[in-house]
$ cat entry04.txt   # compact mmCIF, C-alpha atoms
# COMPACT_ATOMS: atom_id res chain seq x y z
CA MET J 1 13.22 18.36 -25.83
CA GLY J 2 16.72 17.27 -24.92
CA ARG J 3 18.37 14.43 -26.75
CA ASN J 4 18.81 12.58 -23.51
CA GLY J 5 15.09 12.46 -22.99
CA THR J 6 14.93 15.09 -20.30
CA THR J 7 12.86 18.23 -20.51
CA THR J 8 14.18 21.63 -19.64
CA ALA J 9 11.22 23.92 -19.22
CA THR J 10 10.27 27.22 -17.73
CA HIS J 11 8.68 26.70 -14.37
CA PRO J 12 5.02 27.44 -14.98
CA ILE J 13 4.59 29.55 -11.87
CA ARG J 14 7.90 30.88 -10.69
CA GLY J 15 9.35 31.30 -14.15
CA GLU J 16 12.88 30.05 -13.58
CA GLU J 17 14.52 27.55 -15.86
CA SER J 18 15.02 24.16 -14.34
CA ASP J 19 15.72 20.65 -15.44
CA LEU J 20 12.42 19.29 -14.21
CA ALA J 21 13.11 15.74 -15.24
CA ARG J 22 16.18 15.61 -13.02
CA THR J 23 14.95 17.58 -10.03
CA ALA J 24 11.32 16.47 -9.88
CA PRO J 25 10.13 15.00 -6.58
CA PRO J 26 8.26 11.69 -6.52
CA PRO J 27 4.97 12.00 -8.42
CA VAL J 28 2.03 13.08 -6.34
CA ILE J 29 -0.51 12.12 -8.96
CA ASP J 30 -0.92 8.72 -10.54
CA LEU J 31 -0.72 9.51 -14.22
CA GLU J 32 -1.62 6.02 -15.35
CA GLU J 33 -4.72 6.22 -13.22
CA ALA J 34 -5.47 9.70 -14.52
CA TRP J 35 -5.41 8.29 -18.00
CA VAL J 36 -7.70 5.42 -17.04
CA ILE J 37 -10.10 7.89 -15.43
CA ARG J 38 -10.17 9.96 -18.59
CA ARG J 39 -11.11 6.85 -20.56
CA VAL J 40 -13.84 6.03 -18.07
CA GLN J 41 -15.17 9.56 -18.41
CA GLU J 42 -15.42 8.91 -22.10
CA GLY J 43 -17.52 5.79 -21.43
CA ASP J 44 -14.92 3.03 -21.61
CA ALA J 45 -16.27 0.13 -19.53
CA ASP J 46 -13.01 -1.84 -19.81
CA ALA J 47 -11.15 1.05 -18.28
CA PHE J 48 -13.77 1.14 -15.55
CA GLU J 49 -13.02 -2.50 -14.78
CA THR J 50 -9.39 -1.47 -14.29
CA LEU J 51 -10.51 1.11 -11.73
CA TYR J 52 -12.77 -1.44 -10.09
CA ARG J 53 -9.98 -4.02 -9.78
CA ALA J 54 -7.66 -1.39 -8.31
CA HIS J 55 -10.08 -0.15 -5.66
CA ALA J 56 -12.63 -2.90 -5.00
CA ARG J 57 -10.89 -4.28 -1.94
CA ARG J 58 -10.63 -0.94 -0.21
CA VAL J 59 -14.18 0.08 -1.09
CA HIS J 60 -15.48 -3.26 0.10
CA GLY J 61 -13.33 -2.94 3.22
CA ILE J 62 -14.92 0.39 4.08
CA CYS J 63 -18.44 -0.95 3.51
CA ARG J 64 -17.76 -4.16 5.40
CA ARG J 65 -16.20 -2.51 8.41
CA ILE J 66 -18.88 0.14 8.74
CA THR J 67 -21.83 -2.22 8.26
CA ALA J 68 -20.32 -5.44 9.69
CA ASP J 69 -22.59 -7.26 7.27
CA PRO J 70 -20.93 -9.25 4.46
CA ARG J 71 -24.01 -9.39 2.25
CA LEU J 72 -24.86 -5.75 2.66
CA ALA J 73 -21.22 -4.76 2.13
CA GLU J 74 -21.18 -6.50 -1.26
CA GLU J 75 -24.43 -4.81 -2.28
CA LEU J 76 -23.05 -1.45 -1.23
CA THR J 77 -19.77 -2.03 -3.03
CA GLN J 78 -21.63 -2.68 -6.27
CA ASP J 79 -23.75 0.36 -5.67
CA VAL J 80 -20.71 2.53 -4.99
CA PHE J 81 -19.16 1.63 -8.32
CA LEU J 82 -22.41 2.23 -10.19
CA ARG J 83 -22.56 5.67 -8.57
CA VAL J 84 -18.97 6.31 -9.57
CA TRP J 85 -19.82 5.40 -13.18
CA GLU J 86 -22.77 7.76 -12.96
CA ARG J 87 -20.78 10.65 -11.52
CA ILE J 88 -17.31 10.18 -12.95
CA GLY J 89 -17.88 13.14 -15.24
CA GLN J 90 -18.02 15.35 -12.18
CA TYR J 91 -14.57 14.25 -11.03
CA GLN J 92 -12.20 16.99 -12.10
CA GLY J 93 -9.01 15.92 -10.40
CA ARG J 94 -9.11 18.53 -7.66
CA SER J 95 -8.48 15.78 -5.10
CA LYS J 96 -6.94 12.36 -5.43
CA PHE J 97 -9.31 9.97 -7.15
CA SER J 98 -9.02 7.55 -4.24
CA THR J 99 -10.08 10.29 -1.82
CA TRP J 100 -13.12 11.07 -3.98
CA LEU J 101 -14.01 7.40 -4.37
CA TYR J 102 -13.59 6.47 -0.72
CA ARG J 103 -15.69 9.41 0.33
CA ILE J 104 -18.50 8.12 -1.87
CA ALA J 105 -17.98 4.65 -0.39
CA THR J 106 -18.02 5.98 3.15
CA ASN J 107 -21.19 7.98 2.63
CA ARG J 108 -22.89 5.05 0.93
CA ALA J 109 -21.83 2.68 3.70
CA LEU J 110 -23.27 5.05 6.29
CA ASP J 111 -26.51 5.23 4.28
CA GLY J 112 -26.52 1.45 4.14
CA LEU J 113 -25.94 1.19 7.84
CA ARG J 114 -28.86 3.50 8.56
CA GLY J 115 -31.08 1.51 6.22
CA ASP J 116 -29.96 -1.76 7.73
CA ILE J 117 -30.79 -0.53 11.18
CA ARG J 118 -34.16 0.72 9.98
CA ARG J 119 -34.93 -2.71 8.61
CA SER J 120 -33.86 -4.49 11.80
CA ALA J 121 -35.48 -2.09 14.27
CA ARG J 122 -38.50 -0.59 12.56
CA GLU J 123 -40.12 0.35 15.80
CA VAL J 124 -37.40 2.92 16.44
CA PRO J 125 -37.27 5.94 14.15
CA VAL J 126 -33.64 5.98 13.12
CA GLU J 127 -32.41 9.33 12.00
CA ARG J 128 -29.28 9.91 13.99
CA PRO J 129 -26.37 7.72 14.91
CA ALA J 130 -27.38 7.91 18.55
CA ASP J 131 -30.17 5.60 17.48
CA TRP J 132 -27.87 3.12 15.83
CA GLU J 133 -27.42 1.12 18.99
CA HIS J 134 -29.15 -2.03 17.90
CA PRO J 135 -27.77 -5.14 19.53
CA ARG J 136 -25.06 -7.00 17.70
CA PRO J 137 -24.07 -10.58 18.25
CA ALA J 138 -22.00 -11.05 21.36
CA PRO J 139 -18.29 -11.32 20.70
CA ARG J 140 -16.84 -14.78 20.54
CA PRO J 141 -15.35 -15.98 23.78
CA GLU J 142 -11.73 -16.18 22.61
CA THR J 143 -9.43 -14.25 24.86
CA ARG J 144 -7.78 -12.53 21.95
CA MET J 145 -10.05 -11.78 19.04
CA ARG J 146 -8.68 -10.61 15.82
CA LEU J 147 -9.14 -6.88 15.52
CA GLU J 148 -11.36 -7.15 12.46
CA GLU J 149 -13.75 -9.38 14.37
CA ALA J 150 -13.53 -7.16 17.41
CA VAL J 151 -14.43 -4.13 15.32
CA GLU J 152 -17.36 -5.96 13.76
CA SER J 153 -18.63 -6.81 17.23
CA LEU J 154 -18.85 -3.15 18.27
CA PRO J 155 -22.19 -1.35 18.52
CA ALA J 156 -23.02 0.30 15.22
CA ALA J 157 -22.39 3.94 16.12
CA ALA J 158 -19.17 3.23 17.98
CA ARG J 159 -18.00 0.98 15.19
CA ALA J 160 -18.74 3.54 12.47
CA VAL J 161 -16.95 6.32 14.31
CA PHE J 162 -13.97 4.09 15.13
CA VAL J 163 -13.62 3.03 11.48
CA LEU J 164 -13.98 6.57 10.22
CA HIS J 165 -11.56 8.10 12.74
CA ASP J 166 -8.95 5.50 13.58
CA VAL J 167 -8.93 3.50 10.35
CA GLU J 168 -9.92 5.95 7.63
CA GLY J 169 -8.41 9.01 9.26
CA TYR J 170 -11.36 11.41 9.23
CA ARG J 171 -11.48 14.16 11.85
CA HIS J 172 -14.36 14.45 14.28
CA GLU J 173 -15.68 17.51 12.47
CA GLU J 174 -15.77 15.57 9.20
CA ILE J 175 -17.45 12.62 10.85
CA ALA J 176 -20.01 14.98 12.33
CA ALA J 177 -20.75 16.39 8.89
CA MET J 178 -21.05 12.94 7.34
CA THR J 179 -23.20 11.36 10.01
CA GLY J 180 -25.21 14.25 11.39
CA ILE J 181 -23.99 13.85 14.95
CA ALA J 182 -22.16 16.46 16.98
CA ALA J 183 -18.36 16.37 17.01
CA GLY J 184 -18.49 15.80 20.76
CA THR J 185 -20.74 12.79 20.26
CA SER J 186 -18.32 11.45 17.70
CA LYS J 187 -15.55 11.78 20.25
CA SER J 188 -17.44 9.99 22.98
CA GLN J 189 -18.42 7.18 20.59
CA LEU J 190 -14.77 6.83 19.66
CA HIS J 191 -13.70 6.59 23.28
CA ARG J 192 -16.39 4.01 23.86
CA ALA J 193 -15.26 1.96 20.87
CA ARG J 194 -11.65 2.03 22.01
CA ARG J 195 -12.62 0.95 25.50
CA LEU J 196 -14.63 -1.98 24.18
CA LEU J 197 -11.82 -2.96 21.84
CA ARG J 198 -9.31 -2.84 24.66
CA GLU J 199 -11.51 -5.14 26.69
CA ARG J 200 -12.17 -7.52 23.82
CA LEU J 201 -8.58 -7.65 22.61
CA GLY J 202 -7.05 -7.84 26.05
CA MET Y 1 -2.66 14.48 39.73
CA ASP Y 2 -5.59 12.08 40.16
CA HIS Y 3 -5.85 9.06 37.96
CA PRO Y 4 -6.77 10.36 34.51
CA THR Y 5 -10.13 9.40 33.14
CA TRP Y 6 -10.43 7.19 30.06
CA GLU Y 7 -11.48 10.27 28.08
CA HIS Y 8 -8.43 12.16 29.31
CA LEU Y 9 -6.16 9.28 28.30
CA ASN Y 10 -7.75 9.24 24.84
CA GLU Y 11 -7.14 12.94 24.46
CA PHE Y 12 -3.58 12.34 25.65
CA VAL Y 13 -2.77 9.63 23.08
CA ASP Y 14 -4.55 11.63 20.35
CA GLY Y 15 -2.28 14.60 21.08
CA ALA Y 16 -5.29 16.79 21.84
CA LEU Y 17 -4.16 18.02 25.27
CA PRO Y 18 -2.39 21.32 25.95
CA ALA Y 19 1.31 21.08 26.73
CA ALA Y 20 0.91 21.53 30.47
CA ALA Y 21 -1.66 18.72 30.67
CA VAL Y 22 0.58 16.48 28.60
CA ARG Y 23 3.47 17.00 31.00
CA GLU Y 24 1.25 16.34 33.98
CA THR Y 25 -0.15 13.18 32.43
CA GLU Y 26 3.28 11.88 31.49
CA GLU Y 27 4.42 12.49 35.04
CA HIS Y 28 1.50 10.50 36.38
CA LEU Y 29 2.02 7.62 33.95
CA ARG Y 30 5.62 7.30 35.09
CA THR Y 31 4.51 6.68 38.65
CA CYS Y 32 1.22 4.78 38.20
CA PRO Y 33 1.54 1.27 36.75
CA ALA Y 34 -2.23 0.85 36.30
CA CYS Y 35 -2.63 4.04 34.23
CA HIS Y 36 0.58 3.27 32.41
CA GLU Y 37 -0.83 -0.09 31.37
CA GLU Y 38 -4.12 1.46 30.34
CA ALA Y 39 -2.35 4.00 28.14
CA ARG Y 40 -0.16 1.28 26.67
CA ASP Y 41 -3.21 -0.83 25.81
CA LEU Y 42 -4.90 2.16 24.24
CA ARG Y 43 -1.87 2.86 22.08
CA GLY Y 44 -1.89 -0.82 21.16
CA VAL Y 45 -5.48 -0.53 19.89
CA LEU Y 46 -4.58 2.51 17.82
CA ALA Y 47 -1.49 0.85 16.42
CA ALA Y 48 -3.52 -2.23 15.50
CA ALA Y 49 -6.12 -0.02 13.80
CA GLY Y 50 -3.36 1.61 11.81
CA ARG Y 51 -2.25 -1.80 10.62
CA LEU Y 52 -5.68 -2.96 9.53
CA GLY Y 53 -4.97 -2.37 5.85
CA PRO Y 54 -7.50 -2.02 3.07
CA GLY Y 55 -9.80 -4.80 4.26
CA ARG Y 56 -10.90 -8.01 2.68
CA ASP Y 57 -11.88 -8.76 -0.85
CA PRO Y 58 -15.55 -9.41 -1.52
CA GLU Y 59 -16.39 -13.09 -1.35
CA HIS Y 60 -17.76 -12.90 -4.88
CA ASP Y 61 -16.47 -11.17 -7.97
CA LEU Y 62 -18.79 -8.18 -8.11
CA TRP Y 63 -17.61 -6.92 -11.48
CA PRO Y 64 -20.10 -8.92 -13.63
CA GLY Y 65 -23.00 -7.42 -11.71
CA ILE Y 66 -21.55 -3.94 -11.99
CA ARG Y 67 -20.82 -4.40 -15.69
CA ASN Y 68 -24.39 -5.51 -16.31
CA GLY Y 69 -25.70 -2.50 -14.44
CA LEU Y 70 -23.73 0.12 -16.37
CA PRO Y 71 -26.11 0.51 -19.33
CA ARG Y 72 -28.97 1.29 -16.97
CA VAL Y 73 -27.08 4.09 -15.26
CA VAL Y 74 -27.80 7.54 -16.60
CA ARG Y 75 -24.51 9.38 -16.39
CA VAL Y 76 -24.54 12.78 -14.81
CA THR Y 77 -23.48 15.53 -17.18
CA PRO Y 78 -20.21 16.97 -15.96
CA ASP Y 79 -20.37 20.32 -14.33
CA ARG Y 80 -18.42 22.44 -16.78
CA LYS Y 81 -17.95 25.39 -14.41
CA PRO Y 82 -15.47 26.85 -14.48
CA SER Y 83 -15.24 26.24 -18.17
CA PRO Y 84 -11.90 26.47 -19.94
CA PRO Y 85 -11.05 29.75 -21.61
CA PRO Y 86 -12.58 29.99 -25.08
CA ARG Y 87 -9.20 30.42 -26.73
CA ARG Y 88 -8.33 26.79 -25.98
CA ARG Y 89 -11.66 25.08 -26.33
CA TRP Y 90 -10.60 23.51 -29.57
CA LEU Y 91 -8.09 21.42 -27.62
CA VAL Y 92 -10.69 19.26 -25.97
CA PRO Y 93 -12.11 17.38 -28.95
CA GLY Y 94 -8.74 17.46 -30.64
CA PHE Y 95 -7.08 15.19 -28.15
CA ARG Y 96 -10.03 12.94 -27.71
CA GLU Y 97 -9.95 11.83 -31.27
CA GLY Y 98 -6.60 10.20 -30.78
CA LEU Y 99 -3.47 10.31 -32.76
CA ALA Y 100 -4.93 11.75 -35.96
CA ALA Y 101 -6.38 14.59 -33.97
CA VAL Y 102 -3.05 15.13 -32.24
CA ALA Y 103 -1.49 15.67 -35.62
CA ALA Y 104 -4.22 18.13 -36.49
CA LEU Y 105 -3.59 19.86 -33.20
CA ALA Y 106 0.04 20.29 -34.10
CA LEU Y 107 -1.00 21.96 -37.31
CA LEU Y 108 -3.27 24.28 -35.40
CA VAL Y 109 -0.84 25.03 -32.62
CA ALA Y 110 2.44 25.27 -34.38
CA GLY Y 111 1.24 26.25 -37.81
CA ALA Y 112 1.90 24.36 -40.98
CA ARG Y 113 5.14 26.22 -41.55
CA LEU Y 114 6.65 24.61 -38.48
CA LEU Y 115 6.12 21.10 -39.75
CA PRO Y 116 8.69 19.37 -41.89
CA ARG Y 117 7.72 19.34 -45.51
CA GLU Y 118 7.28 15.58 -45.47
CA ALA Y 119 4.93 15.67 -42.52
CA VAL Y 120 1.74 15.98 -44.46
CA LEU Y 121 -1.46 14.50 -43.20
CA PRO Y 122 -3.05 12.04 -45.57
CA GLY Y 123 -6.24 12.98 -47.30
CA ASN Y 124 -5.09 16.50 -48.06
CA GLY Y 125 -4.38 17.20 -44.44
CA SER Y 126 -7.74 16.18 -43.09
CA ALA Y 127 -7.45 14.90 -39.56
CA ALA Y 128 -10.65 12.95 -39.99
CA SER Y 129 -9.10 10.80 -42.64
CA GLY Y 130 -6.61 9.34 -40.20
CA PHE Y 131 -2.89 9.26 -39.91
CA SER Y 132 -0.68 7.09 -42.07
CA PRO Y 133 2.80 6.35 -40.75
CA ALA Y 134 3.85 5.37 -44.24
CA ARG Y 135 3.19 8.87 -45.58
CA ALA Y 136 3.95 10.92 -42.51
CA PRO Y 137 6.33 9.07 -40.18
CA LEU Y 138 5.78 9.89 -36.55
CA ALA Y 139 9.48 10.47 -36.07
CA GLU Y 140 9.24 13.45 -38.40
CA MET Y 141 6.17 14.83 -36.71
CA ILE Y 142 7.42 14.65 -33.16
CA PRO Y 143 9.60 17.77 -32.98
CA SER Y 144 6.82 19.92 -34.38
CA LEU Y 145 4.19 18.34 -32.19
CA VAL Y 146 6.26 18.79 -29.09
CA PHE Y 147 7.19 22.34 -30.02
CA GLY Y 148 3.56 23.29 -30.43
CA LEU Y 149 2.41 21.56 -27.29
CA GLU Y 150 5.22 22.97 -25.21
CA ARG Y 151 4.64 26.47 -26.55
CA GLU Y 152 0.97 26.24 -25.67
CA SER Y 153 1.80 24.95 -22.23
CA ARG Y 154 4.31 27.73 -21.59
CA GLY Y 155 1.74 30.25 -22.76
CA ALA Y 156 -0.71 28.94 -20.19
CA GLY Y 157 2.04 29.14 -17.57
CA ARG Y 158 2.73 32.77 -18.49
CA THR Y 159 -0.95 33.60 -18.19
CA LEU Y 160 -1.01 32.06 -14.76
CA ARG Y 161 2.18 33.84 -13.71
CA THR Y 162 0.75 37.15 -14.86
CA SER Y 163 -2.32 36.43 -12.82
CA TYR Y 164 -0.17 35.67 -9.78
CA GLU Y 165 1.95 38.77 -10.24
CA ALA Y 166 -1.21 40.86 -10.40
CA GLY Y 167 -1.83 39.82 -6.81
CA ARG Y 168 -4.81 37.62 -7.53
CA ALA Y 169 -3.04 34.45 -6.56
CA ALA Y 170 -2.84 32.18 -3.60
CA PRO Y 171 0.35 32.42 -1.52
CA ALA Y 172 3.25 30.13 -2.37
CA ALA Y 173 2.26 27.54 0.23
CA GLU Y 174 -1.02 26.96 -1.55
CA THR Y 175 0.65 26.39 -4.89
CA GLU Y 176 2.95 23.66 -3.62
CA GLY Y 177 0.53 20.93 -4.63
CA LEU Y 178 0.14 22.53 -8.02
CA ASP Y 179 3.91 22.73 -8.44
CA ALA Y 180 4.33 19.12 -7.46
CA GLY Y 181 1.63 17.97 -9.87
CA LEU Y 182 3.16 19.93 -12.71
CA ARG Y 183 6.63 18.61 -11.96
CA ALA Y 184 5.28 15.05 -11.96
CA LEU Y 185 3.70 15.72 -15.33
CA ASP Y 186 6.88 17.27 -16.66
CA ARG Y 187 8.87 14.29 -15.55
CA ALA Y 188 6.40 11.92 -17.18
CA ILE Y 189 6.51 13.97 -20.37
CA GLY Y 190 10.30 13.89 -20.30
CA GLU Y 191 10.38 10.15 -19.79
CA SER Y 192 7.85 9.56 -22.56
CA LEU Y 193 9.77 11.78 -24.94
CA GLY Y 194 12.94 9.89 -24.08
CA ALA Y 195 11.15 6.64 -24.87
CA LEU Y 196 9.87 8.15 -28.11
CA GLU Y 197 13.42 8.84 -29.18
CA GLN Y 198 14.10 5.16 -28.87
CA ASP Y 199 10.85 4.14 -30.52
CA PRO Y 200 9.85 7.08 -32.71
CA ASP Y 201 6.97 5.35 -34.51
CA ASN Y 202 5.20 4.34 -31.32
CA ALA Y 203 1.80 5.98 -31.72
CA ALA Y 204 0.68 5.01 -28.24
CA LEU Y 205 3.63 6.80 -26.68
CA LEU Y 206 2.95 9.92 -28.67
CA ARG Y 207 -0.67 9.88 -27.67
CA LYS Y 208 0.44 9.53 -24.07
CA VAL Y 209 2.63 12.62 -24.40
CA ALA Y 210 -0.30 14.51 -25.86
CA VAL Y 211 -2.56 13.44 -23.03
CA TYR Y 212 0.02 14.53 -20.46
CA TYR Y 213 0.24 17.91 -22.10
CA ARG Y 214 -3.51 18.14 -22.05
CA PHE Y 215 -3.57 17.42 -18.32
CA ARG Y 216 -0.95 20.10 -17.91
CA LEU Y 217 -2.95 22.66 -19.83
CA GLU Y 218 -6.10 21.82 -17.93
CA ILE Y 219 -4.32 22.22 -14.60
CA LEU Y 220 -2.92 25.58 -15.62
CA ASP Y 221 -6.23 26.77 -17.07
CA ARG Y 222 -8.11 25.75 -13.96
CA GLU Y 223 -5.62 27.47 -11.69
CA ALA Y 224 -5.67 30.62 -13.83
CA LEU Y 225 -9.46 30.68 -13.62
CA ARG Y 226 -9.34 30.11 -9.90
CA SER Y 227 -6.83 32.85 -9.29
CA GLY Y 228 -8.32 35.24 -11.81
CA PRO Y 229 -10.73 38.06 -11.06
CA ALA Y 230 -14.05 36.99 -9.67
$ encode --input "entry04.txt" --output "C-alpha cells"
Amino acid sequence: MGRNGTTTATHPIRGEESDLARTAPPPVIDLEEAWVIRRVQEGDADAFETLYRAHARRVHGICRRITADPRLAEELTQDVFLRVWERIGQYQGRSKFSTWLYRIATNRALDGLRGDIRRSAREVPVERPADWEHPRPAPRPETRMRLEEAVESLPAAARAVFVLHDVEGYRHEEIAAMTGIAAGTSKSQLHRARRLLRERLG
Amino acid sequence: MDHPTWEHLNEFVDGALPAAAVRETEEHLRTCPACHEEARDLRGVLAAAGRLGPGRDPEHDLWPGIRNGLPRVVRVTPDRKPSPPPRRRWLVPGFREGLAAVAALALLVAGARLLPREAVLPGNGSAASGFSPARAPLAEMIPSLVFGLERESRGAGRTLRTSYEAGRAAPAAETEGLDAGLRALDRAIGESLGALEQDPDNAALLRKVAVYYRFRLEILDREALRSGPA
C-alpha cells in the first residue's frame, strides 16, 4: 500500500505491474450496490429496502408499460421484489444486478399481462402473444398524445414488443424466447406498434 | 426504386438492411418527400422511445407491503456450483463475521509472525471474543491485514494466470470485462486504504476493504474455475 493511498499491484491476468489506482477506467460495477446485495443475501431487510428504493421506479415502469394497468403494475412490482428476496442467493454477480432484476421484472410483467388477458377474455384460450389482442380503450382524441399514453393505448402484443425492443433494448430473438412468439412475429408486432404510435403522435 | 414499404423503412432505420439496400433507400428518400417524411416520423418515434426514461413511480409506497411479505417468503438456497476451491473456503465465514473475523483472517493469512507484537486479539486471540481497539489499535493491524489480503489476492491471480497460460482460458477480448471489474475493485481498495491512512481507527472502512478483497478473490476464483479443466 502506498503512502499516498494508491495501490500498485500485479495485474491479476497479464502480470505486469501497474498503478491501478491511477490508470483505472471508470468503474463498471457498483461496489456500494454490491455491498448492499451481499447484505441482502445475508437476510438484511433494511438493505433490501435500499435496493427497493433504488430500483422501484424502473421495475414499476416496466410492469406499467407492459401491462398498461396501474393496479396490476403495482401488484406485479411487489411480487417482483418478493421474488428477488426469494432468489437473491442465486445472484452471483455474473451480470449487472440491474440486468438480473429487470429481467425478472420483465418476465413477471409478461406473466401478469397473460393472466390479465385471461381474466378479461376467458372465452379465448390465451397461450401466445398472438392471442393478446384484446381491445383496449380508444386513445384520447388529442392530436398529440404524450408517448406514455400512446404506448398504453397500443394493443397488448404490439405494446409489449415495443416496450421490450424500443424501450428496454431487447433483441427480437430475446423477445421471442421470453414471450414464446417467433422472432418474425416480434418484428411485425414492432412495426405495427410503431405505425400506430406514428399515427397517434402525429 | 418503388416507394419502400413500412416494413422496409423500419428495417432501414433499425440498420438491418444490407449496404446496397441502404444506399438505394437513402437515394429514394432524397427524392421522395412523402417517404422522407415517413422515415423522419419513424425516427421521431424511436427517439421519443429512447427518451422515455425509467417510468413513473408507483402511486403508493409499496415497501410496507413488501416488507410485511418477506417473512413468508422461503428463500431459495443459493446454487453453490461452481463452489470455491477448498483451499479458500475458510474465507467465506471469516468475512461475514465482521471486523473481528477480519482480524482472525489476517492471522490465518499472514501468520502471527507478520503481525506487530502489540496487535494481539483480545481474549487470547479468539476472534469470537471480539476486537478491542483499546488493546489492538486498528492502525497497527492494517499493514498486516492488507499484506495478507493482498498476498492472497495475488496468489489467486497467479493461479488464474497459470490457467490462462496453459491454454484453458478465454481470449483477451473475453477477459476485458473481468479486467475492468478488477481494476474498479483495485481503485476502490486504493481509495479506501488512502482514507484509512487518514482515519486509521475507522472499523467500517477496514471492513469495506476486506469486503472488496473478498469480492476480488471470488471473481478470481470463479474465473479460474471457469477457465480450468472441465
$ closest_residue --input "entry04.txt" --among "Y:Arg214, Y:Gly55, Y:Ala204, Y:Val209" --to "chain J" --atoms "only C-alpha atoms"
Y:Gly55
$ interface_residues --input "entry04.txt" --of "chain Y" --to "chain J" --cutoff "6 Å" --atoms "only C-alpha atoms" --output "VMD selection string"
chain Y and resid 49 54 to 57 66 75 to 76 78 to 79 157 161 183 to 184 187 190 193 to 194
$ atom_distance --input "entry04.txt" --atom1 "atom CA of Y:Pro4" --atom2 "atom CA of Y:Glu37"
12.4 Å
$ atom_distance --input "entry04.txt" --atom1 "atom CA of Y:Gly65" --atom2 "atom CA of J:Ala160"
26.9 Å
